[in-house]
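Source file entry.pdb; content: PDB, C-alpha atoms.
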```pdb
ATOM      1  CA  MET A   1       8.096  -4.122   5.832  1.00  0.00           C
ATOM      2  CA  LEU A   2       6.789  -1.435   3.486  1.00  0.00           C
ATOM      3  CA  ILE A   3       7.777   1.330   5.899  1.00  0.00           C
ATOM      4  CA  THR A   4      11.389   0.162   5.884  1.00  0.00           C
ATOM      5  CA  ALA A   5      11.421  -0.549   2.116  1.00  0.00           C
ATOM      6  CA  PRO A   6      13.429   1.571  -0.336  1.00  0.00           C
ATOM      7  CA  GLU A   7      11.866   4.921  -1.251  1.00  0.00           C
ATOM      8  CA  GLU A   8      11.075   3.847  -4.831  1.00  0.00           C
ATOM      9  CA  LEU A   9       8.832   1.106  -3.407  1.00  0.00           C
ATOM     10  CA  ARG A  10       7.270   3.240  -0.662  1.00  0.00           C
ATOM     11  CA  SER A  11       6.353   6.026  -3.062  1.00  0.00           C
ATOM     12  CA  ARG A  12       4.561   3.559  -5.339  1.00  0.00           C
ATOM     13  CA  TYR A  13       1.984   2.688  -2.656  1.00  0.00           C
ATOM     14  CA  ARG A  14       1.917   5.906  -0.631  1.00  0.00           C
ATOM     15  CA  GLY A  15      -1.546   7.246   0.253  1.00  0.00           C
ATOM     16  CA  LEU A  16      -3.455   3.998  -0.349  1.00  0.00           C
ATOM     17  CA  SER A  17      -5.962   2.719   2.194  1.00  0.00           C
ATOM     18  CA  ASN A  18      -5.300  -0.673   3.772  1.00  0.00           C
ATOM     19  CA  THR A  19      -7.761  -2.457   1.484  1.00  0.00           C
ATOM     20  CA  LYS A  20      -6.404  -0.841  -1.689  1.00  0.00           C
ATOM     21  CA  LEU A  21      -2.836  -1.388  -0.523  1.00  0.00           C
ATOM     22  CA  ILE A  22      -3.387  -5.124  -0.009  1.00  0.00           C
ATOM     23  CA  ALA A  23      -5.092  -5.437  -3.413  1.00  0.00           C
ATOM     24  CA  ALA A  24      -2.297  -3.546  -5.152  1.00  0.00           C
ATOM     25  CA  LEU A  25       0.444  -5.574  -3.474  1.00  0.00           C
ATOM     26  CA  ALA A  26      -1.287  -8.880  -4.212  1.00  0.00           C
ATOM     27  CA  ALA A  27      -1.671  -7.943  -7.882  1.00  0.00           C
ATOM     28  CA  SER A  28       1.902  -6.715  -8.257  1.00  0.00           C
ATOM     29  CA  ARG A  29       4.338  -8.485 -10.554  1.00  0.00           C
ATOM     30  CA  PRO A  30       7.826  -8.305  -9.019  1.00  0.00           C
ATOM     31  CA  THR A  31      10.872  -9.310 -11.025  1.00  0.00           C
ATOM     32  CA  PRO A  32      11.251 -13.122 -10.889  1.00  0.00           C
ATOM     33  CA  ALA A  33      14.844 -12.890  -9.744  1.00  0.00           C
ATOM     34  CA  PRO A  34      14.956 -10.812  -6.530  1.00  0.00           C
ATOM     35  CA  VAL A  35      18.400  -9.255  -6.968  1.00  0.00           C
ATOM     36  CA  THR A  36      18.009  -5.788  -5.450  1.00  0.00           C
ATOM     37  CA  ALA A  37      16.620  -4.956  -2.013  1.00  0.00           C
ATOM     38  CA  ALA A  38      13.567  -3.314  -3.591  1.00  0.00           C
ATOM     39  CA  GLU A  39      12.807  -6.390  -5.717  1.00  0.00           C
ATOM     40  CA  ALA A  40      13.207  -8.761  -2.782  1.00  0.00           C
ATOM     41  CA  THR A  41      10.967  -6.577  -0.614  1.00  0.00           C
ATOM     42  CA  ALA A  42       8.330  -6.289  -3.352  1.00  0.00           C
ATOM     43  CA  TYR A  43       8.283 -10.077  -3.736  1.00  0.00           C
ATOM     44  CA  SER A  44       7.862 -10.595   0.017  1.00  0.00           C
ATOM     45  CA  LEU A  45       5.109  -7.980   0.188  1.00  0.00           C
ATOM     46  CA  ARG A  46       3.235  -9.714  -2.609  1.00  0.00           C
ATOM     47  CA  LEU A  47       3.343 -13.034  -0.734  1.00  0.00           C
ATOM     48  CA  LEU A  48       2.194 -11.397   2.504  1.00  0.00           C
ATOM     49  CA  ALA A  49      -0.650  -9.580   0.757  1.00  0.00           C
ATOM     50  CA  ARG A  50      -1.911 -12.777  -0.868  1.00  0.00           C
ATOM     51  CA  ARG A  51      -1.679 -14.590   2.454  1.00  0.00           C
ATOM     52  CA  TRP A  52      -3.673 -11.751   4.045  1.00  0.00           C
ATOM     53  CA  GLN A  53      -6.370 -12.120   1.372  1.00  0.00           C
ATOM     54  CA  ALA A  54      -6.555 -15.900   1.823  1.00  0.00           C
ATOM     55  CA  LEU A  55      -6.870 -15.622   5.594  1.00  0.00           C
ATOM     56  CA  THR A  56      -9.482 -12.873   5.277  1.00  0.00           C
ATOM     57  CA  GLU A  57     -11.532 -15.098   2.967  1.00  0.00           C
ATOM     58  CA  GLN A  58     -11.315 -17.957   5.484  1.00  0.00           C
ATOM     59  CA  ILE A  59     -12.327 -15.667   8.351  1.00  0.00           C
ATOM     60  CA  GLU A  60     -15.353 -14.391   6.437  1.00  0.00           C
ATOM     61  CA  ASP A  61     -16.384 -17.941   5.493  1.00  0.00           C
ATOM     62  CA  LEU A  62     -16.065 -19.223   9.072  1.00  0.00           C
ATOM     63  CA  SER A  63     -17.829 -16.157  10.460  1.00  0.00           C
ATOM     64  CA  GLY A  64     -20.765 -16.716   8.134  1.00  0.00           C
ATOM     65  CA  HIS A  65     -20.924 -20.397   9.110  1.00  0.00           C
ATOM     66  CA  LEU A  66     -20.807 -19.494  12.809  1.00  0.00           C
ATOM     67  CA  GLN A  67     -23.570 -16.919  12.290  1.00  0.00           C
ATOM     68  CA  ARG A  68     -25.832 -19.535  10.696  1.00  0.00           C
ATOM     69  CA  LEU A  69     -25.155 -22.076  13.464  1.00  0.00           C
ATOM     70  CA  LEU A  70     -25.987 -19.605  16.218  1.00  0.00           C
ATOM     71  CA  GLU A  71     -29.114 -18.327  14.475  1.00  0.00           C
ATOM     72  CA  ASP A  72     -30.319 -21.940  14.166  1.00  0.00           C
ATOM     73  CA  HIS A  73     -29.407 -23.176  17.661  1.00  0.00           C
ATOM     74  CA  ALA A  74     -29.411 -20.025  19.828  1.00  0.00           C
ATOM     75  CA  PRO A  75     -31.870 -17.560  18.259  1.00  0.00           C
ATOM     76  CA  ASP A  76     -33.007 -16.169  21.621  1.00  0.00           C
ATOM     77  CA  LEU A  77     -29.442 -15.329  22.639  1.00  0.00           C
ATOM     78  CA  MET A  78     -28.701 -13.788  19.252  1.00  0.00           C
ATOM     79  CA  SER A  79     -31.753 -11.537  19.569  1.00  0.00           C
ATOM     80  CA  VAL A  80     -30.550  -9.979  22.843  1.00  0.00           C
ATOM     81  CA  PHE A  81     -29.505  -6.382  22.285  1.00  0.00           C
ATOM     82  CA  GLY A  82     -25.737  -6.059  22.043  1.00  0.00           C
ATOM     83  CA  CYS A  83     -25.062  -9.768  21.544  1.00  0.00           C
ATOM     84  CA  GLY A  84     -23.185 -10.827  18.433  1.00  0.00           C
ATOM     85  CA  ARG A  85     -21.847 -14.085  17.103  1.00  0.00           C
ATOM     86  CA  ASP A  86     -18.465 -13.783  18.820  1.00  0.00           C
ATOM     87  CA  THR A  87     -19.844 -12.922  22.255  1.00  0.00           C
ATOM     88  CA  VAL A  88     -22.651 -15.491  22.150  1.00  0.00           C
ATOM     89  CA  ALA A  89     -20.274 -18.199  20.939  1.00  0.00           C
ATOM     90  CA  GLN A  90     -17.834 -17.464  23.763  1.00  0.00           C
ATOM     91  CA  LEU A  91     -20.530 -17.531  26.445  1.00  0.00           C
ATOM     92  CA  LEU A  92     -21.869 -20.846  25.146  1.00  0.00           C
ATOM     93  CA  ILE A  93     -18.343 -22.295  25.039  1.00  0.00           C
ATOM     94  CA  THR A  94     -17.722 -21.249  28.634  1.00  0.00           C
ATOM     95  CA  ALA A  95     -21.054 -22.631  29.822  1.00  0.00           C
ATOM     96  CA  GLY A  96     -20.747 -25.846  27.790  1.00  0.00           C
ATOM     97  CA  ASP A  97     -17.269 -26.554  29.142  1.00  0.00           C
ATOM     98  CA  ASN A  98     -18.486 -26.123  32.732  1.00  0.00           C
ATOM     99  CA  PRO A  99     -21.977 -27.701  32.919  1.00  0.00           C
ATOM    100  CA  ASP A 100     -21.473 -28.710  36.541  1.00  0.00           C
ATOM    101  CA  ARG A 101     -20.999 -25.051  37.481  1.00  0.00           C
ATOM    102  CA  LEU A 102     -24.311 -23.849  36.003  1.00  0.00           C
ATOM    103  CA  ARG A 103     -26.256 -24.558  39.183  1.00  0.00           C
ATOM    104  CA  SER A 104     -27.702 -21.051  39.381  1.00  0.00           C
ATOM    105  CA  GLU A 105     -27.481 -17.566  37.986  1.00  0.00           C
ATOM    106  CA  ALA A 106     -25.072 -16.601  40.765  1.00  0.00           C
ATOM    107  CA  ALA A 107     -22.856 -19.576  39.946  1.00  0.00           C
ATOM    108  CA  PHE A 108     -22.682 -18.535  36.294  1.00  0.00           C
ATOM    109  CA  ALA A 109     -21.860 -14.972  37.347  1.00  0.00           C
ATOM    110  CA  ALA A 110     -18.966 -16.331  39.419  1.00  0.00           C
ATOM    111  CA  LEU A 111     -17.852 -18.508  36.495  1.00  0.00           C
ATOM    112  CA  ALA A 112     -17.774 -15.458  34.212  1.00  0.00           C
ATOM    113  CA  GLY A 113     -16.103 -13.254  36.824  1.00  0.00           C
ATOM    114  CA  ALA A 114     -19.130 -10.961  36.974  1.00  0.00           C
ATOM    115  CA  CYS A 115     -20.087 -11.420  40.618  1.00  0.00           C
ATOM    116  CA  PRO A 116     -19.351  -8.492  42.968  1.00  0.00           C
ATOM    117  CA  ILE A 117     -16.406  -8.707  45.343  1.00  0.00           C
ATOM    118  CA  PRO A 118     -16.841  -6.842  48.654  1.00  0.00           C
ATOM    119  CA  ALA A 119     -14.250  -4.076  49.040  1.00  0.00           C
ATOM    120  CA  SER A 120     -15.606  -2.230  52.046  1.00  0.00           C
ATOM    121  CA  SER A 121     -13.325  -0.399  54.413  1.00  0.00           C
ATOM    122  CA  GLY A 122     -14.367   1.446  57.551  1.00  0.00           C
ATOM    123  CA  LYS A 123     -17.480   3.471  56.792  1.00  0.00           C
ATOM    124  CA  THR A 124     -17.116   2.892  53.036  1.00  0.00           C
ATOM    125  CA  ASN A 125     -19.416   0.207  51.658  1.00  0.00           C
ATOM    126  CA  ARG A 126     -18.568  -0.767  48.097  1.00  0.00           C
ATOM    127  CA  HIS A 127     -17.780  -3.638  45.729  1.00  0.00           C
ATOM    128  CA  ARG A 128     -15.063  -4.039  43.125  1.00  0.00           C
ATOM    129  CA  LEU A 129     -14.524  -5.855  39.858  1.00  0.00           C
ATOM    130  CA  ASN A 130     -13.933  -9.590  40.015  1.00  0.00           C
ATOM    131  CA  ARG A 131     -10.624 -10.529  38.389  1.00  0.00           C
ATOM    132  CA  ALA A 132     -11.289 -14.272  38.697  1.00  0.00           C
ATOM    133  CA  GLY A 133     -13.426 -16.537  36.553  1.00  0.00           C
ATOM    134  CA  ASP A 134     -13.245 -17.213  32.836  1.00  0.00           C
ATOM    135  CA  ARG A 135     -11.662 -14.095  31.346  1.00  0.00           C
ATOM    136  CA  GLN A 136     -12.929 -14.787  27.829  1.00  0.00           C
ATOM    137  CA  ALA A 137     -16.522 -14.955  29.092  1.00  0.00           C
ATOM    138  CA  ASN A 138     -15.954 -11.820  31.138  1.00  0.00           C
ATOM    139  CA  SER A 139     -14.607 -10.087  28.039  1.00  0.00           C
ATOM    140  CA  ALA A 140     -17.720 -11.129  26.094  1.00  0.00           C
ATOM    141  CA  LEU A 141     -19.965  -9.596  28.772  1.00  0.00           C
ATOM    142  CA  TYR A 142     -17.804  -6.462  28.765  1.00  0.00           C
ATOM    143  CA  HIS A 143     -18.174  -5.983  25.010  1.00  0.00           C
ATOM    144  CA  ILE A 144     -21.957  -6.462  25.167  1.00  0.00           C
ATOM    145  CA  VAL A 145     -22.132  -3.829  27.914  1.00  0.00           C
ATOM    146  CA  LEU A 146     -20.031  -1.412  25.835  1.00  0.00           C
ATOM    147  CA  VAL A 147     -22.431  -1.800  22.903  1.00  0.00           C
ATOM    148  CA  ARG A 148     -25.382  -1.112  25.173  1.00  0.00           C
ATOM    149  CA  LEU A 149     -23.720   1.914  26.752  1.00  0.00           C
ATOM    150  CA  ARG A 150     -23.267   3.363  23.303  1.00  0.00           C
ATOM    151  CA  TYR A 151     -26.506   2.437  21.546  1.00  0.00           C
ATOM    152  CA  ASP A 152     -29.150   1.492  24.153  1.00  0.00           C
ATOM    153  CA  GLN A 153     -30.894   4.511  25.639  1.00  0.00           C
ATOM    154  CA  GLN A 154     -32.151   2.634  28.691  1.00  0.00           C
ATOM    155  CA  THR A 155     -28.600   1.551  29.566  1.00  0.00           C
ATOM    156  CA  ARG A 156     -27.311   5.088  29.004  1.00  0.00           C
ATOM    157  CA  ASN A 157     -29.988   6.477  31.308  1.00  0.00           C
ATOM    158  CA  TYR A 158     -28.972   3.955  33.962  1.00  0.00           C
ATOM    159  CA  ALA A 159     -25.318   4.961  33.641  1.00  0.00           C
ATOM    160  CA  THR A 160     -26.199   8.652  33.931  1.00  0.00           C
ATOM    161  CA  ARG A 161     -28.244   8.009  37.072  1.00  0.00           C
ATOM    162  CA  ARG A 162     -25.495   5.958  38.717  1.00  0.00           C
ATOM    163  CA  ILE A 163     -22.865   8.569  37.869  1.00  0.00           C
ATOM    164  CA  ALA A 164     -25.047  11.153  39.623  1.00  0.00           C
ATOM    165  CA  GLU A 165     -25.042   8.823  42.649  1.00  0.00           C
ATOM    166  CA  GLY A 166     -21.239   8.912  42.707  1.00  0.00           C
ATOM    167  CA  LYS A 167     -20.469   5.595  40.991  1.00  0.00           C
ATOM    168  CA  THR A 168     -17.380   5.306  38.807  1.00  0.00           C
ATOM    169  CA  LYS A 169     -17.497   4.061  35.213  1.00  0.00           C
ATOM    170  CA  MET A 170     -15.909   0.739  36.174  1.00  0.00           C
ATOM    171  CA  GLU A 171     -18.411   0.232  39.011  1.00  0.00           C
ATOM    172  CA  ILE A 172     -21.269   0.913  36.601  1.00  0.00           C
ATOM    173  CA  ILE A 173     -19.866  -1.594  34.108  1.00  0.00           C
ATOM    174  CA  ARG A 174     -19.546  -4.161  36.903  1.00  0.00           C
ATOM    175  CA  CYS A 175     -23.215  -3.706  37.800  1.00  0.00           C
ATOM    176  CA  LEU A 176     -24.283  -3.888  34.155  1.00  0.00           C
ATOM    177  CA  LYS A 177     -22.358  -7.127  33.629  1.00  0.00           C
ATOM    178  CA  ARG A 178     -24.131  -8.643  36.625  1.00  0.00           C
ATOM    179  CA  TYR A 179     -27.529  -7.540  35.296  1.00  0.00           C
ATOM    180  CA  LEU A 180     -26.582  -8.961  31.905  1.00  0.00           C
ATOM    181  CA  VAL A 181     -25.806 -12.359  33.452  1.00  0.00           C
ATOM    182  CA  ARG A 182     -29.279 -12.300  35.009  1.00  0.00           C
ATOM    183  CA  GLN A 183     -30.782 -11.812  31.553  1.00  0.00           C
ATOM    184  CA  LEU A 184     -28.592 -14.273  29.674  1.00  0.00           C
ATOM    185  CA  TYR A 185     -28.383 -17.157  32.157  1.00  0.00           C
ATOM    186  CA  PRO A 186     -31.854 -18.655  31.507  1.00  0.00           C
ATOM    187  CA  LEU A 187     -31.341 -18.327  27.748  1.00  0.00           C
ATOM    188  CA  ILE A 188     -27.973 -20.092  27.942  1.00  0.00           C
ATOM    189  CA  VAL A 189     -29.428 -22.925  30.040  1.00  0.00           C
ATOM    190  CA  GLN A 190     -32.335 -23.220  27.609  1.00  0.00           C
ATOM    191  CA  THR A 191     -29.945 -23.373  24.647  1.00  0.00           C
ATOM    192  CA  LEU A 192     -27.737 -26.027  26.245  1.00  0.00           C
ATOM    193  CA  GLN A 193     -30.642 -28.114  27.583  1.00  0.00           C
ATOM    194  CA  PRO A 194     -31.125 -30.327  24.498  1.00  0.00           C
ATOM    195  CA  ARG A 195     -27.391 -31.130  24.493  1.00  0.00           C
ATOM    196  CA  ARG A 196     -27.387 -32.001  28.193  1.00  0.00           C
ATOM    197  CA  GLN A 197     -30.431 -34.255  27.739  1.00  0.00           C
ATOM    198  CA  THR A 198     -28.811 -35.994  24.760  1.00  0.00           C
ATOM    199  CA  THR A 199     -25.586 -36.517  26.731  1.00  0.00           C
ATOM    200  CA  ALA A 200     -27.520 -37.974  29.681  1.00  0.00           C
ATOM    201  CA  ALA A 201     -29.385 -40.377  27.398  1.00  0.00           C
TER     202      ALA A 201
END
```

Represent the structure contained in this file as structure tokens.
Amino acid sequence: MLITAPEELRSRYRGLSNTKLIAALAASRPTPAPVTAAEATAYSLRLLARRWQALTEQIEDLSGHLQRLLEDHAPDLMSVFGCGRDTVAQLLITAGDNPDRLRSEAAFAALAGACPIPASSGKTNRHRLNRAGDRQANSALYHIVLVRLRYDQQTRNYATRRIAEGKTKMEIIRCLKRYLVRQLYPLIVQTLQPRRQTTAA
């Protein structure tokens, strides 16, 4: 809206960062009667900026509440390198919604779309990414792997070694997601165990 606003309005806020722009728009005092195009645009921008601030405050409040819940009820999962509140919450949601499918580590890998799919042809023996399963859980695993590839030296060494063996980046990520499931599965089952026992009682 600001990009298409009249020049007199654009020039007033040109060069501001997003945070400063939102603060300036929210604190603006447009003319009460929006007669001109610039005045009507300024009024609309003020409303949008204040809405943005209100939603941001709600997001921060909910994020803090979610952080406290996970630290209280899933501390082992939260301590795993690369895991954050959003990824841990999504994995627990996926597992909690499908308790009958948590029979084994392999079953959870299939649920999260992290199990290998054979894609061999002739003398070529390989596997490909699994496009099935819960895509939100798969996305959570993917983001944890990306964090590890960037900040965990052991994971980076593994990736370097597999690249030297001729593996592609996507094949390496597939393998890392499967290894990650192996690490997280017992922690997820342990976290959900009290709930399952309470439900059974």

Calculate how many Å separate atom CA of Ala112 of chain A from atom CA of Ala137 of chain A, rounding to one decimal.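 Calculated distance between atom CA of Ala112 of chain A and atom CA of Ala137 of chain A is 5.3 Å.
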
Please evaluate the PyMOL selection byres ((chain A and resi 111) around 9) against the structure above and give the resulting residues as a list in words.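 In the shown coordinates, the PyMOL selection byres ((chain A and resi 111) around 9) covers Thr94, Ala95, Asn98, Arg101, Leu102, Ala106, Ala107, Phe108, Ala109, Ala110, Ala112, Gly113, Ala114, Cys115, Ala132, Gly133, Asp134, Ala137 and Asn138 of chain A.
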
Students should find that atom CA of Ala26 of chain A and atom CA of Leu55 of chain A are spaced 13.1 Å

Need the shell around Tyr185 of chain A: protein/DNA/RNA residues with any atom at most 7 Å away, counting only C-alpha atoms. Skip same-chain ones fewer than 4 positions apart. Format as an MDAnalysis selection string? chainID A and resid 105 181 189

Mind pulling up the distance from atom CA of Leu180 of chain A to atom CA of Arg161 of chain A?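 Spanning atom CA of Arg161 of chain A to atom CA of Leu180 of chain A is a straight-line distance of 17.8 Å.
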
Determine the nearest neighbour of Val145 of chain A from the options A:Gly64, A:Gly84, A:Pro75, A:Pro30, counting all atoms listed in the file. A:Gly84

Filled-in N, CA and C atoms of segment 77-94 of chain A, supplied as a PDB file, in the frame of the given file:
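This is the output file result_8.pdb:
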```pdb
ATOM      1  N   LEU A  77     -30.657 -16.026  22.216  1.00  0.00           N
ATOM      2  CA  LEU A  77     -29.442 -15.329  22.639  1.00  0.00           C
ATOM      3  C   LEU A  77     -29.007 -14.316  21.587  1.00  0.00           C
ATOM      4  N   MET A  78     -29.120 -14.684  20.324  1.00  0.00           N
ATOM      5  CA  MET A  78     -28.701 -13.788  19.252  1.00  0.00           C
ATOM      6  C   MET A  78     -29.595 -12.558  19.148  1.00  0.00           C
ATOM      7  N   SER A  79     -30.825 -12.670  19.653  1.00  0.00           N
ATOM      8  CA  SER A  79     -31.753 -11.537  19.569  1.00  0.00           C
ATOM      9  C   SER A  79     -31.596 -10.554  20.721  1.00  0.00           C
ATOM     10  N   VAL A  80     -30.777 -10.881  21.720  1.00  0.00           N
ATOM     11  CA  VAL A  80     -30.550  -9.979  22.843  1.00  0.00           C
ATOM     12  C   VAL A  80     -29.740  -8.783  22.356  1.00  0.00           C
ATOM     13  N   PHE A  81     -30.167  -7.599  22.753  1.00  0.00           N
ATOM     14  CA  PHE A  81     -29.505  -6.382  22.285  1.00  0.00           C
ATOM     15  C   PHE A  81     -28.033  -6.366  22.713  1.00  0.00           C
ATOM     16  N   GLY A  82     -27.163  -6.141  21.751  1.00  0.00           N
ATOM     17  CA  GLY A  82     -25.737  -6.059  22.043  1.00  0.00           C
ATOM     18  C   GLY A  82     -24.992  -7.357  21.842  1.00  0.00           C
ATOM     19  N   CYS A  83     -25.718  -8.465  21.720  1.00  0.00           N
ATOM     20  CA  CYS A  83     -25.062  -9.768  21.544  1.00  0.00           C
ATOM     21  C   CYS A  83     -24.777 -10.013  20.068  1.00  0.00           C
ATOM     22  N   GLY A  84     -23.575 -10.462  19.781  1.00  0.00           N
ATOM     23  CA  GLY A  84     -23.185 -10.827  18.433  1.00  0.00           C
ATOM     24  C   GLY A  84     -22.672 -12.243  18.407  1.00  0.00           C
ATOM     25  N   ARG A  85     -22.256 -12.680  17.236  1.00  0.00           N
ATOM     26  CA  ARG A  85     -21.847 -14.085  17.103  1.00  0.00           C
ATOM     27  C   ARG A  85     -20.640 -14.410  17.970  1.00  0.00           C
ATOM     28  N   ASP A  86     -19.675 -13.488  18.051  1.00  0.00           N
ATOM     29  CA  ASP A  86     -18.465 -13.783  18.820  1.00  0.00           C
ATOM     30  C   ASP A  86     -18.750 -13.863  20.317  1.00  0.00           C
ATOM     31  N   THR A  87     -19.553 -12.928  20.821  1.00  0.00           N
ATOM     32  CA  THR A  87     -19.844 -12.922  22.255  1.00  0.00           C
ATOM     33  C   THR A  87     -20.742 -14.086  22.649  1.00  0.00           C
ATOM     34  N   VAL A  88     -21.756 -14.370  21.849  1.00  0.00           N
ATOM     35  CA  VAL A  88     -22.651 -15.491  22.150  1.00  0.00           C
ATOM     36  C   VAL A  88     -21.892 -16.811  22.081  1.00  0.00           C
ATOM     37  N   ALA A  89     -21.048 -16.970  21.068  1.00  0.00           N
ATOM     38  CA  ALA A  89     -20.274 -18.199  20.939  1.00  0.00           C
ATOM     39  C   ALA A  89     -19.373 -18.398  22.156  1.00  0.00           C
ATOM     40  N   GLN A  90     -18.730 -17.330  22.620  1.00  0.00           N
ATOM     41  CA  GLN A  90     -17.834 -17.464  23.763  1.00  0.00           C
ATOM     42  C   GLN A  90     -18.596 -17.827  25.033  1.00  0.00           C
ATOM     43  N   LEU A  91     -19.747 -17.221  25.253  1.00  0.00           N
ATOM     44  CA  LEU A  91     -20.530 -17.531  26.445  1.00  0.00           C
ATOM     45  C   LEU A  91     -21.023 -18.978  26.422  1.00  0.00           C
ATOM     46  N   LEU A  92     -21.420 -19.457  25.253  1.00  0.00           N
ATOM     47  CA  LEU A  92     -21.869 -20.846  25.146  1.00  0.00           C
ATOM     48  C   LEU A  92     -20.701 -21.819  25.333  1.00  0.00           C
ATOM     49  N   ILE A  93     -19.523 -21.446  24.844  1.00  0.00           N
ATOM     50  CA  ILE A  93     -18.343 -22.295  25.039  1.00  0.00           C
ATOM     51  C   ILE A  93     -18.018 -22.397  26.526  1.00  0.00           C
ATOM     52  N   THR A  94     -18.024 -21.259  27.201  1.00  0.00           N
ATOM     53  CA  THR A  94     -17.722 -21.249  28.634  1.00  0.00           C
ATOM     54  C   THR A  94     -18.734 -22.077  29.415  1.00  0.00           C
TER      55      THR A  94
END
```
